[in-house]
file protein.pdb (PDB, C-alpha atoms)
ATOM      1  CA  MET N   7       0.000   0.000   0.000
ATOM      2  CA  ALA N   8       2.802   2.454   0.806
ATOM      3  CA  GLY N   9       4.090   1.954  -2.742
ATOM      4  CA  ASN N  10       0.828   3.256  -4.204
ATOM      5  CA  VAL N  11       0.866   6.216  -1.846
ATOM      6  CA  GLU N  12       4.471   6.967  -2.783
ATOM      7  CA  LYS N  13       3.552   6.881  -6.480
ATOM      8  CA  SER N  14       0.694   9.282  -5.838
ATOM      9  CA  LEU N  15       2.999  11.580  -3.897
ATOM     10  CA  ALA N  16       5.507  11.508  -6.767
ATOM     11  CA  GLY N  17       2.719  12.751  -9.039
ATOM     12  CA  VAL N  18       1.890  15.540  -6.608
ATOM     13  CA  ILE N  19       5.559  16.513  -6.378
ATOM     14  CA  GLU N  20       5.826  16.767 -10.155
ATOM     15  CA  ALA N  21       2.588  18.759 -10.360
ATOM     16  CA  MET N  22       3.798  21.192  -7.686
ATOM     17  CA  LYS N  23       7.155  21.601  -9.408
ATOM     18  CA  HIS N  24       5.338  22.303 -12.658
ATOM     19  CA  LEU N  25       2.984  24.806 -11.017
ATOM     20  CA  ASN N  26       5.823  26.626  -9.287
ATOM     21  CA  GLN N  27       7.756  26.775 -12.552
ATOM     22  CA  GLN N  28       4.697  28.173 -14.321
ATOM     23  CA  PHE N  29       4.458  30.946 -11.721
ATOM     24  CA  GLU N  30       8.143  31.792 -12.181
ATOM     25  CA  ASP N  31       7.859  31.719 -15.968
ATOM     26  CA  LYS N  32       4.819  33.992 -15.944
ATOM     27  CA  ILE N  33       6.543  36.505 -13.675
ATOM     28  CA  GLU N  34       9.586  36.517 -15.948
ATOM     29  CA  GLU N  35       7.351  36.953 -19.000
ATOM     30  CA  LEU N  36       5.678  39.958 -17.387
ATOM     31  CA  ARG N  37       9.074  41.354 -16.405
ATOM     32  CA  GLN N  38      10.261  41.044 -20.013
ATOM     33  CA  LYS N  39       7.160  42.923 -21.143
ATOM     34  CA  GLY N  40       8.202  45.815 -18.930
ATOM     35  CA  LYS N  41       5.569  45.467 -16.216
ATOM     36  CA  ASP N  42       6.074  47.529 -13.071
ATOM     37  CA  GLU N  43       8.639  45.805 -10.849
ATOM     38  CA  GLU N  44       6.847  46.876  -7.684
ATOM     39  CA  ALA N  45       3.657  45.205  -8.888
ATOM     40  CA  LEU N  46       5.642  42.125  -9.887
ATOM     41  CA  GLN N  47       7.065  41.838  -6.383
ATOM     42  CA  VAL N  48       3.563  41.089  -5.119
ATOM     43  CA  LEU N  49       3.442  38.170  -7.568
ATOM     44  CA  VAL N  50       6.952  37.076  -6.579
ATOM     45  CA  LYS N  51       5.950  37.003  -2.913
ATOM     46  CA  GLY N  52       2.841  35.005  -3.780
ATOM     47  CA  ALA N  53       4.867  32.511  -5.808
ATOM     48  CA  MET N  54       7.343  32.161  -2.945
ATOM     49  CA  ALA N  55       4.492  31.574  -0.492
ATOM     50  CA  MET N  56       3.082  28.866  -2.761
ATOM     51  CA  LYS N  57       6.489  27.209  -2.998
ATOM     52  CA  ASP N  58       6.896  27.313   0.797
ATOM     53  CA  ALA N  59       3.390  25.939   1.336
ATOM     54  CA  SER N  60       4.016  23.087  -1.079
ATOM     55  CA  GLY N  61       7.237  22.285   0.786
ATOM     56  CA  ILE N  62       5.339  22.083   4.067
ATOM     57  CA  TYR N  63       2.662  19.913   2.479
ATOM     58  CA  LEU N  64       5.266  17.542   1.038
ATOM     59  CA  SER N  65       7.100  17.305   4.365
ATOM     60  CA  TRP N  66       3.904  16.184   6.077
ATOM     61  CA  ALA N  67       3.128  13.757   3.261
ATOM     62  CA  ASN N  68       6.585  12.198   3.623
ATOM     63  CA  HIS N  69       6.072  11.967   7.376
ATOM     64  CA  TYR N  70       2.809  10.063   6.985
ATOM     65  CA  ILE N  71       4.255   7.775   4.324
ATOM     66  CA  ALA N  72       7.039   6.862   6.742
ATOM     67  CA  ARG N  73       4.427   6.145   9.420
ATOM     68  CA  LEU N  74       2.435   4.063   6.954
ATOM     69  CA  GLN N  75       5.518   2.025   6.105
ATOM     70  CA  GLN N  76       6.160   1.403   9.800
ATOM     71  CA  THR N  77       2.532   0.456  10.357
ATOM     72  CA  GLU N  78       2.323  -2.003   7.463
ATOM     73  CA  GLY N  79       4.561  -4.475   9.237
ATOM     74  CA  LEU N  80       2.445  -4.611  12.423
ATOM     75  CA  ASP N  81      -0.520  -6.747  13.417
ATOM     76  CA  PRO N  82      -3.898  -5.100  12.661
ATOM     77  CA  GLU N  83      -4.552  -4.699  16.421
ATOM     78  CA  ASP N  84      -1.295  -2.769  16.846
ATOM     79  CA  GLU N  85      -1.850  -0.415  13.908
ATOM     80  CA  GLU N  86      -4.311   1.849  15.692
ATOM     81  CA  SER N  87      -1.993   2.438  18.656
ATOM     82  CA  VAL N  88       0.892   3.419  16.383
ATOM     83  CA  ILE N  89      -1.195   5.974  14.487
ATOM     84  CA  VAL N  90      -2.688   7.453  17.670
ATOM     85  CA  GLU N  91       0.691   7.818  19.464
ATOM     86  CA  GLU N  92       1.483  11.141  17.812
TER      87      GLU N  92
END

call {"tool": "encode", "arguments": {"input": "protein.pdb", "output": "structure tokens"}}
result
Amino acid sequence: MAGNVEKSLAGVIEAMKHLNQQFEDKIEELRQKGKDEEALQVLVKGAMAMKDASGIYLSWANHYIARLQQTEGLDPEDEESVIVEE
């Protein structure tokens, strides 16, 4: 089961990388068109916030995948206590 979750997470990682790159590309495109740098800084800050948020999301996802991997080897009765411990 952890393998399927890891594959799904890999897809999310790629999608987030793509989204973040699209933000950066759009900002650069606007910069090349001569848009006001002060206005662009608002977009830059937003893109940075999105990148930071995706990093936090991925850290938590990795944490839960690690817990899932630990849990998979236990008896079904023990699984609940491992998940609840945190």

call {"tool": "atom_distance", "arguments": {"input": "protein.pdb", "atom1": "atom CA of N:Met54", "atom2": "atom CA of N:Ala72"}}
result
27.1 Å

call {"tool": "atom_distance", "arguments": {"input": "protein.pdb", "atom1": "atom CA of N:Ala21", "atom2": "atom CA of N:Ala45"}}
result
26.5 Å

call {"tool": "closest_residue", "arguments": {"input": "protein.pdb", "among": "N:Leu36, N:Asn10, N:Leu15, N:Gly52", "to": "N:Ala67", "atoms": "only C-alpha atoms"}}
result
N:Leu15

call {"tool": "closest_residue", "arguments": {"input": "protein.pdb", "among": "N:Ser14, N:Leu25, N:Gly79, N:Ile19", "to": "N:Ser65", "atoms": "only C-alpha atoms"}}
result
N:Ile19

call {"tool": "atom_distance", "arguments": {"input": "protein.pdb", "atom1": "atom CA of N:Gln75", "atom2": "atom CA of N:Val11"}}
result
10.1 Å

call {"tool": "resolve_selection", "arguments": {"input": "protein.pdb", "expression": "the PyMOL selection byres ((chain N and resi 29) around 12)", "output": "PDB file with C-alpha atoms, in the coordinates of the input"}}
result
ATOM      1  CA  MET N  22       3.798  21.192  -7.686  1.00  0.00           C
ATOM      2  CA  LYS N  23       7.155  21.601  -9.408  1.00  0.00           C
ATOM      3  CA  HIS N  24       5.338  22.303 -12.658  1.00  0.00           C
ATOM      4  CA  LEU N  25       2.984  24.806 -11.017  1.00  0.00           C
ATOM      5  CA  ASN N  26       5.823  26.626  -9.287  1.00  0.00           C
ATOM      6  CA  GLN N  27       7.756  26.775 -12.552  1.00  0.00           C
ATOM      7  CA  GLN N  28       4.697  28.173 -14.321  1.00  0.00           C
ATOM      8  CA  GLU N  30       8.143  31.792 -12.181  1.00  0.00           C
ATOM      9  CA  ASP N  31       7.859  31.719 -15.968  1.00  0.00           C
ATOM     10  CA  LYS N  32       4.819  33.992 -15.944  1.00  0.00           C
ATOM     11  CA  ILE N  33       6.543  36.505 -13.675  1.00  0.00           C
ATOM     12  CA  GLU N  34       9.586  36.517 -15.948  1.00  0.00           C
ATOM     13  CA  GLU N  35       7.351  36.953 -19.000  1.00  0.00           C
ATOM     14  CA  LEU N  36       5.678  39.958 -17.387  1.00  0.00           C
ATOM     15  CA  LEU N  46       5.642  42.125  -9.887  1.00  0.00           C
ATOM     16  CA  LEU N  49       3.442  38.170  -7.568  1.00  0.00           C
ATOM     17  CA  VAL N  50       6.952  37.076  -6.579  1.00  0.00           C
ATOM     18  CA  LYS N  51       5.950  37.003  -2.913  1.00  0.00           C
ATOM     19  CA  GLY N  52       2.841  35.005  -3.780  1.00  0.00           C
ATOM     20  CA  ALA N  53       4.867  32.511  -5.808  1.00  0.00           C
ATOM     21  CA  MET N  54       7.343  32.161  -2.945  1.00  0.00           C
ATOM     22  CA  ALA N  55       4.492  31.574  -0.492  1.00  0.00           C
ATOM     23  CA  MET N  56       3.082  28.866  -2.761  1.00  0.00           C
ATOM     24  CA  LYS N  57       6.489  27.209  -2.998  1.00  0.00           C
TER      25      LYS N  57
END
